[in-house]
$ cat input34.pdb   # PDB, C-alpha atoms
ATOM      1  CA  MET A1419     324.966 144.460  14.316
ATOM      2  CA  ALA A1420     323.863 146.980  11.696
ATOM      3  CA  ARG A1421     326.305 147.605   8.859
ATOM      4  CA  LEU A1422     327.687 151.034   8.456
ATOM      5  CA  GLY A1423     325.765 151.991   5.344
ATOM      6  CA  LEU A1424     327.741 155.079   4.425
ATOM      7  CA  ILE A1425     330.566 154.993   1.944
ATOM      8  CA  ILE A1426     333.704 156.368   3.514
ATOM      9  CA  PRO A1427     335.645 158.331   0.882
ATOM     10  CA  GLU A1428     339.292 157.620   0.370
ATOM     11  CA  ARG A1429     341.430 159.761   2.615
ATOM     12  CA  ARG A1430     343.088 161.365  -0.404
ATOM     13  CA  ALA A1431     339.742 162.887  -1.345
ATOM     14  CA  PHE A1432     340.145 165.155   1.653
ATOM     15  CA  LEU A1433     343.521 166.361   0.572
ATOM     16  CA  GLY A1434     344.217 169.228  -1.740
ATOM     17  CA  LYS A1435     347.068 169.439  -4.224
ATOM     18  CA  ALA A1436     350.368 167.767  -3.445
ATOM     19  CA  GLY A1437     348.940 166.170  -0.303
ATOM     20  CA  THR A1438     348.338 169.437   1.499
ATOM     21  CA  LEU A1439     345.384 169.628   3.775
ATOM     22  CA  THR A1440     342.483 171.746   2.585
ATOM     23  CA  LEU A1441     341.312 173.776   5.515
ATOM     24  CA  SER A1442     337.894 175.233   5.978
ATOM     25  CA  ALA A1443     337.530 178.988   5.791
ATOM     26  CA  ALA A1444     337.001 178.976   9.535
ATOM     27  CA  ALA A1445     340.259 177.132  10.125
ATOM     28  CA  VAL A1446     342.175 179.463   7.848
ATOM     29  CA  ALA A1447     340.713 182.441   9.684
ATOM     30  CA  LEU A1448     341.579 180.781  12.946
ATOM     31  CA  LEU A1449     345.182 180.148  12.082
ATOM     32  CA  SER A1450     345.633 183.625  10.703
ATOM     33  CA  GLY A1451     343.638 185.031  13.561
ATOM     34  CA  ASN A1452     346.496 186.657  15.353
ATOM     35  CA  GLU A1453     347.361 189.038  12.547
ATOM     36  CA  ALA A1454     343.766 189.597  11.554
ATOM     37  CA  LEU A1455     342.755 190.189  15.112
ATOM     38  CA  ALA A1456     345.653 192.528  15.662
ATOM     39  CA  ALA A1457     344.636 194.473  12.561
ATOM     40  CA  GLN A1458     341.131 194.775  13.932
ATOM     41  CA  GLY A1459     342.446 195.860  17.260
ATOM     42  CA  LYS A1460     341.069 192.772  18.971
ATOM     43  CA  THR A1461     342.889 189.936  20.692
ATOM     44  CA  ALA A1462     341.874 186.520  21.899
ATOM     45  CA  THR A1463     341.481 186.384  25.638
ATOM     46  CA  SER A1464     343.398 184.147  28.035
ATOM     47  CA  HIS A1465     340.054 182.464  28.626
ATOM     48  CA  ASP A1466     339.909 181.648  24.900
ATOM     49  CA  ILE A1467     343.265 179.883  25.245
ATOM     50  CA  GLU A1468     342.038 178.016  28.304
ATOM     51  CA  ILE A1469     338.918 176.846  26.495
ATOM     52  CA  LEU A1470     340.965 175.786  23.472
ATOM     53  CA  ASN A1471     343.270 173.795  25.719
ATOM     54  CA  THR A1472     340.357 172.098  27.451
ATOM     55  CA  ALA A1473     339.019 171.118  24.037
ATOM     56  CA  LEU A1474     342.505 169.980  23.026
ATOM     57  CA  GLY A1475     342.719 167.794  26.100
ATOM     58  CA  ALA A1476     339.425 166.227  25.130
ATOM     59  CA  GLU A1477     340.666 165.582  21.592
ATOM     60  CA  HIS A1478     343.796 163.875  22.961
ATOM     61  CA  GLN A1479     341.458 161.684  24.991
ATOM     62  CA  ALA A1480     339.365 160.824  21.948
ATOM     63  CA  ILE A1481     342.484 159.886  19.974
ATOM     64  CA  ALA A1482     343.578 157.593  22.799
ATOM     65  CA  ALA A1483     340.090 156.091  23.081
ATOM     66  CA  TYR A1484     339.906 155.224  19.396
ATOM     67  CA  GLN A1485     343.360 153.674  19.684
ATOM     68  CA  VAL A1486     342.010 151.439  22.435
ATOM     69  CA  GLY A1487     339.094 150.506  20.236
ATOM     70  CA  ALA A1488     341.259 149.839  17.206
ATOM     71  CA  GLU A1489     343.674 147.669  19.191
ATOM     72  CA  SER A1490     340.914 145.772  20.979
ATOM     73  CA  GLY A1491     340.725 143.175  18.241
ATOM     74  CA  LEU A1492     336.949 143.373  18.520
ATOM     75  CA  LEU A1493     336.195 145.442  15.434
ATOM     76  CA  THR A1494     335.359 143.956  12.065
ATOM     77  CA  LYS A1495     337.321 145.347   9.140
ATOM     78  CA  PRO A1496     334.831 147.932   7.876
ATOM     79  CA  VAL A1497     334.134 149.198  11.397
ATOM     80  CA  LEU A1498     337.856 149.327  12.106
ATOM     81  CA  GLY A1499     338.277 151.483   9.014
ATOM     82  CA  VAL A1500     335.668 153.916  10.255
ATOM     83  CA  ALA A1501     337.213 154.019  13.721
ATOM     84  CA  VAL A1502     340.569 154.882  12.204
ATOM     85  CA  LYS A1503     338.913 157.590  10.098
ATOM     86  CA  PHE A1504     337.210 159.067  13.159
ATOM     87  CA  GLN A1505     340.505 158.987  15.056
ATOM     88  CA  SER A1506     342.068 160.796  12.120
ATOM     89  CA  ASP A1507     339.424 163.509  12.401
ATOM     90  CA  HIS A1508     340.242 163.951  16.087
ATOM     91  CA  LYS A1509     343.936 164.183  15.240
ATOM     92  CA  GLU A1510     343.119 166.994  12.807
ATOM     93  CA  HIS A1511     341.055 168.731  15.479
ATOM     94  CA  ALA A1512     343.909 168.374  17.962
ATOM     95  CA  ASP A1513     346.446 169.634  15.459
ATOM     96  CA  LEU A1514     344.390 172.711  14.667
ATOM     97  CA  LEU A1515     343.675 173.456  18.319
ATOM     98  CA  SER A1516     347.325 173.006  19.261
ATOM     99  CA  LYS A1517     348.539 175.321  16.503
ATOM    100  CA  THR A1518     345.925 177.893  17.436
ATOM    101  CA  VAL A1519     346.919 177.865  21.099
ATOM    102  CA  LYS A1520     350.530 178.415  20.089
ATOM    103  CA  LYS A1521     349.499 181.124  17.652
ATOM    104  CA  LEU A1522     347.676 182.888  20.460
ATOM    105  CA  GLY A1523     350.737 182.705  22.702
ATOM    106  CA  GLY A1524     349.653 179.798  24.857
ATOM    107  CA  LYS A1525     351.160 176.405  25.632
ATOM    108  CA  PRO A1526     349.162 173.512  24.129
ATOM    109  CA  ALA A1527     347.798 170.909  26.515
ATOM    110  CA  MET A1528     349.634 167.623  26.331
ATOM    111  CA  ALA A1529     348.081 164.207  25.977
ATOM    112  CA  MET A1530     347.973 162.056  29.069
ATOM    113  CA  LYS A1531     349.678 158.686  29.152
ATOM    114  CA  PRO A1532     347.159 156.239  27.625
ATOM    115  CA  ALA A1533     346.886 154.215  30.831
ATOM    116  CA  ASP A1534     346.076 157.346  32.829
ATOM    117  CA  TYR A1535     342.783 157.800  31.002
ATOM    118  CA  LYS A1536     341.617 154.587  32.725
ATOM    119  CA  PHE A1537     339.198 153.688  29.978
ATOM    120  CA  PRO A1538     336.864 150.839  31.012
ATOM    121  CA  THR A1539     338.652 148.339  28.786
ATOM    122  CA  ASP A1540     337.584 145.444  30.976
ATOM    123  CA  GLN A1541     334.022 146.184  29.934
ATOM    124  CA  LEU A1542     334.753 146.039  26.203
ATOM    125  CA  LYS A1543     333.842 142.481  25.279
ATOM    126  CA  SER A1544     332.324 142.909  21.832
ATOM    127  CA  GLU A1545     332.253 145.200  18.833
ATOM    128  CA  LYS A1546     328.983 146.573  20.132
ATOM    129  CA  ASP A1547     330.635 147.461  23.456
ATOM    130  CA  VAL A1548     333.360 149.370  21.614
ATOM    131  CA  LEU A1549     330.828 151.183  19.453
ATOM    132  CA  ARG A1550     328.754 152.064  22.523
ATOM    133  CA  PHE A1551     331.874 153.327  24.282
ATOM    134  CA  ALA A1552     332.812 155.448  21.273
ATOM    135  CA  ALA A1553     329.276 156.786  20.900
ATOM    136  CA  GLY A1554     329.287 157.877  24.538
ATOM    137  CA  LEU A1555     332.553 159.716  24.058
ATOM    138  CA  GLU A1556     331.328 161.438  20.901
ATOM    139  CA  LYS A1557     328.140 162.506  22.668
ATOM    140  CA  GLY A1558     330.308 163.921  25.432
ATOM    141  CA  ALA A1559     332.366 165.777  22.850
ATOM    142  CA  ILE A1560     329.207 167.290  21.390
ATOM    143  CA  SER A1561     328.154 168.515  24.834
ATOM    144  CA  ALA A1562     331.610 169.917  25.483
ATOM    145  CA  TYR A1563     331.834 171.854  22.207
ATOM    146  CA  LEU A1564     328.252 173.004  22.623
ATOM    147  CA  GLY A1565     329.338 174.478  25.938
ATOM    148  CA  ALA A1566     332.509 175.912  24.433
ATOM    149  CA  VAL A1567     331.099 177.737  21.411
ATOM    150  CA  PRO A1568     329.332 180.534  23.333
ATOM    151  CA  LEU A1569     332.302 181.011  25.642
ATOM    152  CA  PHE A1570     334.760 182.268  23.075
ATOM    153  CA  GLY A1571     335.313 185.978  23.057
ATOM    154  CA  ASN A1572     336.462 185.699  19.469
ATOM    155  CA  LYS A1573     333.855 184.764  16.854
ATOM    156  CA  ASP A1574     336.368 183.075  14.545
ATOM    157  CA  LEU A1575     337.284 180.716  17.372
ATOM    158  CA  ALA A1576     333.622 180.099  18.094
ATOM    159  CA  LYS A1577     332.982 179.327  14.444
ATOM    160  CA  ALA A1578     335.859 176.852  14.289
ATOM    161  CA  ALA A1579     334.645 175.152  17.474
ATOM    162  CA  ALA A1580     331.181 174.880  15.944
ATOM    163  CA  SER A1581     332.722 173.302  12.876
ATOM    164  CA  ILE A1582     334.393 170.671  15.042
ATOM    165  CA  LEU A1583     331.083 170.152  16.876
ATOM    166  CA  GLY A1584     329.483 169.381  13.537
ATOM    167  CA  ASN A1585     332.076 166.697  12.848
ATOM    168  CA  GLU A1586     331.600 165.129  16.294
ATOM    169  CA  SER A1587     327.875 164.994  15.564
ATOM    170  CA  MET A1588     328.585 163.104  12.362
ATOM    171  CA  HIS A1589     330.624 160.593  14.359
ATOM    172  CA  TRP A1590     327.843 160.177  16.904
ATOM    173  CA  ALA A1591     325.194 159.684  14.247
ATOM    174  CA  LEU A1592     327.207 157.051  12.394
ATOM    175  CA  LEU A1593     328.030 155.194  15.584
ATOM    176  CA  LEU A1594     324.375 155.179  16.593
ATOM    177  CA  GLN A1595     323.493 153.862  13.157
ATOM    178  CA  ALA A1596     326.063 151.108  13.534
ATOM    179  CA  LEU A1597     324.446 150.192  16.850
ATOM    180  CA  GLY A1598     321.105 149.881  15.110
ATOM    181  CA  GLU A1599     319.741 152.971  16.808
ATOM    182  CA  PRO A1600     318.232 156.068  15.209
ATOM    183  CA  ALA A1601     321.048 158.192  13.858
ATOM    184  CA  ASP A1602     319.016 161.317  14.572
ATOM    185  CA  PRO A1603     317.596 160.694  18.058
ATOM    186  CA  VAL A1604     317.015 164.316  19.037
ATOM    187  CA  ALA A1605     316.171 167.549  17.271
ATOM    188  CA  PHE A1606     318.436 169.501  19.603
ATOM    189  CA  VAL A1607     321.677 168.103  20.973
ATOM    190  CA  SER A1608     322.652 168.990  24.515
TER     191      SER A1608
ATOM    192  CA  MET B 662     287.647 189.463  79.298
ATOM    193  CA  PRO B 663     286.561 192.427  77.229
ATOM    194  CA  THR B 664     285.557 191.516  73.702
ATOM    195  CA  HIS B 665     288.041 193.875  72.063
ATOM    196  CA  VAL B 666     290.895 192.384  74.065
ATOM    197  CA  LEU B 667     289.839 188.893  73.052
ATOM    198  CA  ALA B 668     289.548 189.948  69.432
ATOM    199  CA  ARG B 669     293.004 191.474  69.572
ATOM    200  CA  MET B 670     294.395 188.253  70.992
ATOM    201  CA  LEU B 671     292.714 186.195  68.295
ATOM    202  CA  VAL B 672     294.024 188.411  65.533
ATOM    203  CA  SER B 673     297.470 188.427  67.084
ATOM    204  CA  GLY B 674     297.367 184.662  67.343
ATOM    205  CA  ALA B 675     296.250 184.296  63.753
ATOM    206  CA  LEU B 676     299.006 186.598  62.577
ATOM    207  CA  THR B 677     301.518 184.627  64.591
ATOM    208  CA  VAL B 678     300.348 181.408  62.955
ATOM    209  CA  LEU B 679     300.465 183.013  59.521
ATOM    210  CA  ALA B 680     303.908 184.444  60.168
ATOM    211  CA  GLY B 681     305.094 180.994  61.070
ATOM    212  CA  ALA B 682     303.493 179.499  57.969
ATOM    213  CA  VAL B 683     305.097 181.906  55.507
ATOM    214  CA  PRO B 684     308.690 180.773  56.141
ATOM    215  CA  LEU B 685     307.499 177.186  55.888
ATOM    216  CA  ALA B 686     305.834 177.908  52.567
ATOM    217  CA  ALA B 687     308.945 179.655  51.349
ATOM    218  CA  ALA B 688     311.051 176.756  52.561
ATOM    219  CA  ALA B 689     308.795 174.305  50.712
ATOM    220  CA  ALA B 690     309.190 176.344  47.545
ATOM    221  CA  ASP B 691     312.955 176.340  47.996
ATOM    222  CA  ALA B 692     313.147 172.705  49.066
ATOM    223  CA  PRO B 693     315.432 170.703  46.784
ATOM    224  CA  VAL B 694     313.792 168.391  44.246
ATOM    225  CA  ALA B 695     314.135 164.801  45.357
ATOM    226  CA  GLY B 696     316.571 163.002  43.119
ATOM    227  CA  ASP B 697     316.668 159.490  41.710
ATOM    228  CA  PRO B 698     320.260 158.239  41.823
ATOM    229  CA  VAL B 699     319.492 155.412  39.388
ATOM    230  CA  HIS B 700     318.531 157.890  36.687
ATOM    231  CA  GLY B 701     321.312 160.122  37.921
ATOM    232  CA  LYS B 702     323.862 157.475  36.962
ATOM    233  CA  ALA B 703     322.544 157.551  33.401
ATOM    234  CA  VAL B 704     322.769 161.331  33.420
ATOM    235  CA  TYR B 705     326.364 161.098  34.661
ATOM    236  CA  ALA B 706     327.284 159.340  31.431
ATOM    237  CA  MET B 707     327.471 162.745  29.749
ATOM    238  CA  CYS B 708     329.921 163.909  32.401
ATOM    239  CA  MET B 709     332.206 160.974  31.838
ATOM    240  CA  TYR B 710     333.641 162.497  28.699
ATOM    241  CA  CYS B 711     335.691 164.726  30.996
ATOM    242  CA  HIS B 712     335.233 163.329  34.493
ATOM    243  CA  GLY B 713     335.264 160.071  36.369
ATOM    244  CA  ILE B 714     334.498 159.118  39.934
ATOM    245  CA  ASP B 715     338.060 157.934  40.548
ATOM    246  CA  VAL B 716     339.880 159.233  37.508
ATOM    247  CA  THR B 717     340.930 162.703  36.493
ATOM    248  CA  ARG B 718     340.677 163.169  32.753
ATOM    249  CA  VAL B 719     340.017 166.500  31.117
ATOM    250  CA  GLY B 720     338.188 167.430  34.314
ATOM    251  CA  PRO B 721     338.900 166.562  37.958
ATOM    252  CA  MET B 722     337.697 163.322  39.515
ATOM    253  CA  HIS B 723     334.570 163.455  41.657
ATOM    254  CA  ARG B 724     335.510 161.185  44.561
ATOM    255  CA  GLY B 725     335.117 163.251  47.711
ATOM    256  CA  LEU B 726     333.262 165.998  45.873
ATOM    257  CA  PHE B 727     330.757 166.829  48.569
ATOM    258  CA  GLY B 728     332.319 169.089  51.128
ATOM    259  CA  ARG B 729     335.322 169.854  48.929
ATOM    260  CA  THR B 730     336.303 173.460  48.464
ATOM    261  CA  ALA B 731     336.096 174.364  44.789
ATOM    262  CA  GLY B 732     339.376 174.290  42.927
ATOM    263  CA  THR B 733     341.332 172.291  45.483
ATOM    264  CA  LEU B 734     341.686 168.716  44.223
ATOM    265  CA  PRO B 735     345.427 168.092  44.334
ATOM    266  CA  GLY B 736     347.115 167.535  40.998
ATOM    267  CA  TYR B 737     344.482 169.100  38.774
ATOM    268  CA  ALA B 738     345.173 172.335  36.877
ATOM    269  CA  TYR B 739     342.093 174.371  37.685
ATOM    270  CA  SER B 740     341.258 177.622  35.988
ATOM    271  CA  ALA B 741     342.121 180.757  37.914
ATOM    272  CA  ALA B 742     338.394 181.422  38.119
ATOM    273  CA  MET B 743     337.665 178.138  39.906
ATOM    274  CA  LYS B 744     340.561 178.553  42.321
ATOM    275  CA  LYS B 745     339.323 182.045  43.080
ATOM    276  CA  ALA B 746     335.806 180.774  43.674
ATOM    277  CA  GLY B 747     337.138 178.286  46.186
ATOM    278  CA  ALA B 748     339.223 180.916  47.894
ATOM    279  CA  LYS B 749     336.065 182.990  48.242
ATOM    280  CA  GLY B 750     334.333 180.118  49.995
ATOM    281  CA  LEU B 751     332.611 178.010  47.340
ATOM    282  CA  VAL B 752     332.208 174.498  48.734
ATOM    283  CA  TRP B 753     330.477 171.758  46.793
ATOM    284  CA  ASN B 754     327.221 170.483  48.230
ATOM    285  CA  ALA B 755     323.775 169.714  46.835
ATOM    286  CA  LYS B 756     322.801 173.376  46.726
ATOM    287  CA  THR B 757     325.965 174.754  45.147
ATOM    288  CA  LEU B 758     326.111 171.877  42.664
ATOM    289  CA  ASP B 759     322.523 172.542  41.661
ATOM    290  CA  ALA B 760     323.353 176.165  40.935
ATOM    291  CA  TYR B 761     326.596 175.323  39.144
ATOM    292  CA  LEU B 762     325.083 172.570  37.016
ATOM    293  CA  THR B 763     322.297 174.955  35.994
ATOM    294  CA  ASN B 764     324.768 177.431  34.527
ATOM    295  CA  PRO B 765     328.462 176.859  35.228
ATOM    296  CA  GLN B 766     329.599 180.155  33.760
ATOM    297  CA  LYS B 767     327.135 182.095  35.864
ATOM    298  CA  VAL B 768     328.295 180.580  39.148
ATOM    299  CA  VAL B 769     332.000 180.567  38.275
ATOM    300  CA  PRO B 770     332.573 183.054  35.449
ATOM    301  CA  GLY B 771     335.657 181.974  33.561
ATOM    302  CA  THR B 772     335.509 178.310  34.483
ATOM    303  CA  LYS B 773     337.100 176.134  31.825
ATOM    304  CA  MET B 774     334.428 173.478  32.199
ATOM    305  CA  LEU B 775     332.975 173.106  28.726
ATOM    306  CA  PHE B 776     329.368 172.495  29.579
ATOM    307  CA  GLY B 777     326.366 174.680  29.028
ATOM    308  CA  GLY B 778     324.360 173.407  31.960
ATOM    309  CA  ILE B 779     321.301 171.307  32.691
ATOM    310  CA  ALA B 780     318.071 173.270  32.504
ATOM    311  CA  ASP B 781     315.776 170.622  33.973
ATOM    312  CA  ALA B 782     315.640 170.680  37.777
ATOM    313  CA  LYS B 783     314.680 167.017  38.105
ATOM    314  CA  THR B 784     317.582 165.911  35.906
ATOM    315  CA  ARG B 785     319.973 167.961  38.020
ATOM    316  CA  ALA B 786     318.459 166.506  41.188
ATOM    317  CA  ASP B 787     318.887 162.977  39.878
ATOM    318  CA  LEU B 788     322.501 163.648  38.948
ATOM    319  CA  ILE B 789     323.244 165.212  42.324
ATOM    320  CA  ALA B 790     321.582 162.309  44.112
ATOM    321  CA  TYR B 791     323.822 159.900  42.179
ATOM    322  CA  LEU B 792     326.921 161.974  42.869
ATOM    323  CA  ALA B 793     326.119 162.093  46.585
ATOM    324  CA  GLU B 794     326.156 158.304  46.708
ATOM    325  CA  ALA B 795     328.867 157.522  44.185
ATOM    326  CA  THR B 796     331.467 160.022  45.317
ATOM    327  CA  ALA B 797     331.370 159.284  49.029
ATOM    328  CA  VAL B 798     334.826 158.635  50.395
ATOM    329  CA  THR B 799     334.998 154.969  51.349
ATOM    330  CA  PRO B 800     337.890 152.604  51.893
ATOM    331  CA  LYS B 801     336.735 150.468  48.949
ATOM    332  CA  ALA B 802     337.819 151.750  45.540
ATOM    333  CA  GLU B 803     335.081 152.721  43.104
ATOM    334  CA  ALA B 804     334.509 150.219  40.305
ATOM    335  CA  ALA B 805     335.302 151.305  36.777
ATOM    336  CA  PRO B 806     332.555 153.434  35.287
ATOM    337  CA  GLN B 807     330.055 151.914  32.857
TER     338      GLN B 807
END
$ encode --input "input34.pdb" --output "structure tokens"
Amino acid sequence: MARLGLIIPERRAFLGKAGTLTLSAAAVALLSGNEALAAQGKTATSHDIEILNTALGAEHQAIAAYQVGAESGLLTKPVLGVAVKFQSDHKEHADLLSKTVKKLGGKPAMAMKPADYKFPTDQLKSEKDVLRFAAGLEKGAISAYLGAVPLFGNKDLAKAAASILGNESMHWALLLQALGEPADPVAFVS
Amino acid sequence: MPTHVLARMLVSGALTVLAGAVPLAAAAADAPVAGDPVHGKAVYAMCMYCHGIDVTRVGPMHRGLFGRTAGTLPGYAYSAAMKKAGAKGLVWNAKTLDAYLTNPQKVVPGTKMLFGGIADAKTRADLIAYLAEATAVTPKAEAAPQ
């Protein structure tokens, strides 16, 4: 099993002053989108909310999947640390998406009960199995966000979705590297 | 028989044969690409982020897909667009799936399926071939996905 060669920064390095979360410009625009959009005379569409909720549902699933992986007892300590970090990223994605849906007047999608996801836990027998499972989910997330970005009627929402897509790609690349596979297998993701 | 009558018959016969051949040629051009369900299963892996054969996740399960009216799986919150498509007569089969998987938003504008589509016809055919086998309604429950 290949070691994860990247140094994972301490979580506090991602935090701004007094423990507050530093948001990207896209996220700030997203969360303030309602007022800004209203000022521009534009509003997010109900389809935008639907797409955001579909993405939110997928993030809930990813959070649950990483929980399964973390609790499997199959991950070595450094890999477990990375899995927890990746889960943390998905929680941030979910939090942002949820707040945005509310901001736009929608009702955020709820997470399913963990057992209802019916993850193939009986097939997870080794760390490699867990990593392969996670890599498959991250690749699916990339495809989903790639499909979502052009669907948004609002460019700020599209930009934020693209930002999340970038993070999912990082996850995929690192997981592939951990599996001993090329971290950059394709020039164009799909 | 006068020569001109014979010639007319021959030409008429040739035209009849040609007329019959044109629809066949058109049908051959429109004939679905034969799919490989083994490769299709590998392709389905990308769908499993949201779907399963026997599990509804972000997207509806696929058991019983073929012959199902779009937007009608009980218990799943479809988009208004998908429900409308079903109400207008969209039923899933190899042909409609091929069109939908090429460009979901084009076939069902407003669908909440987050997927840009599969451009390659052979890949779509393989996936559809796998789905045709894997989603058949049988008494035996589907095994957990890989």
$ atom_distance --input "input34.pdb" --atom1 "atom CA of B:Leu734" --atom2 "atom CA of B:Gly747"
10.8 Å
$ residues_around --input "input34.pdb" --residues "stretch 1541-1556 of chain A" --least-positions-apart "5" --cutoff "8 Å" --atoms "only C-alpha atoms" --output "count of residues only"
21
$ residues_around --input "input34.pdb" --residues "stretch 772-789 of chain B" --least-positions-apart "5" --cutoff "8 Å" --atoms "all atoms listed in the file" --output "ChimeraX atom specification"
/A:1465,1468-1469,1472-1473,1561-1566 /B:693-702,704-705,720,739-743,755,758-759,761-766
$ residues_around --input "input34.pdb" --residues "B:Arg729" --least-positions-apart "6" --cutoff "10 Å" --atoms "only C-alpha atoms" --output "tab-separated table (two decimals) with C-alpha atoms, keeping the file's coordinate frame"
chain	number	residue	atom	x	y	z
B	723	HIS	CA	334.57	163.46	41.66
B	747	GLY	CA	337.14	178.29	46.19
B	751	LEU	CA	332.61	178.01	47.34
B	752	VAL	CA	332.21	174.50	48.73
B	753	TRP	CA	330.48	171.76	46.79
B	754	ASN	CA	327.22	170.48	48.23
$ axis_aligned_box --input "input34.pdb" --around "stretch 1530-1548 of chain A" --padding-each-side "3 Å" --output "lines of an AutoDock Vina configuration file"
center_x = 339.3
center_y = 152.3
center_z = 25.8
size_x = 26.7
size_y = 25.6
size_z = 20.0
$ atom_distance --input "input34.pdb" --atom1 "atom CA of A:Ser1581" --atom2 "atom CA of A:Ser1516"
15.9 Å
$ atom_distance --input "input34.pdb" --atom1 "atom CA of A:Phe1606" --atom2 "atom CA of A:Asn1572"
24.2 Å
$ resolve_selection --input "input34.pdb" --expression "the PyMOL selection byres ((chain A and resi 1524) around 9)" --output "list in words"
Ser1464, Ile1467, Glu1468, Asn1471, Thr1518, Val1519, Lys1520, Lys1521, Leu1522, Gly1523, Lys1525 and Pro1526 of chain A
$ closest_residue --input "input34.pdb" --among "B:Ala760, B:Ala731, B:Val769, B:Val719" --to "A:Ala1529" --atoms "all atoms listed in the file"
B:Val719
$ closest_residue --input "input34.pdb" --among "B:Ala795, B:Thr757, B:Lys767, B:Arg724" --to "chain A" --atoms "only C-alpha atoms"
B:Lys767
$ closest_residue --input "input34.pdb" --among "A:Val1567, A:Val1500, A:Ile1560, A:Leu1474" --to "A:Asn1585" --atoms "only C-alpha atoms"
A:Ile1560
$ closest_residue --input "input34.pdb" --among "B:Pro735, B:Gly771, B:Val798, B:Lys749" --to "chain A" --atoms "all atoms listed in the file"
B:Gly771
$ closest_residue --input "input34.pdb" --among "B:Ala797, B:Leu792, B:Leu726, B:Ile714" --to "chain A" --atoms "all atoms listed in the file"
B:Ile714
$ residues_around --input "input34.pdb" --residues "A:Met1530" --least-positions-apart "4" --cutoff "9 Å" --atoms "all atoms listed in the file" --output "list of chain:residue names"
A:Gly1475, A:His1478, A:Gln1479, A:Ala1482, A:Asp1534, A:Tyr1535, B:Arg718
$ closest_residue --input "input34.pdb" --among "A:Gln1505, A:Thr1539, A:Ser1490, A:Gln1595" --to "chain B" --atoms "all atoms listed in the file"
A:Thr1539
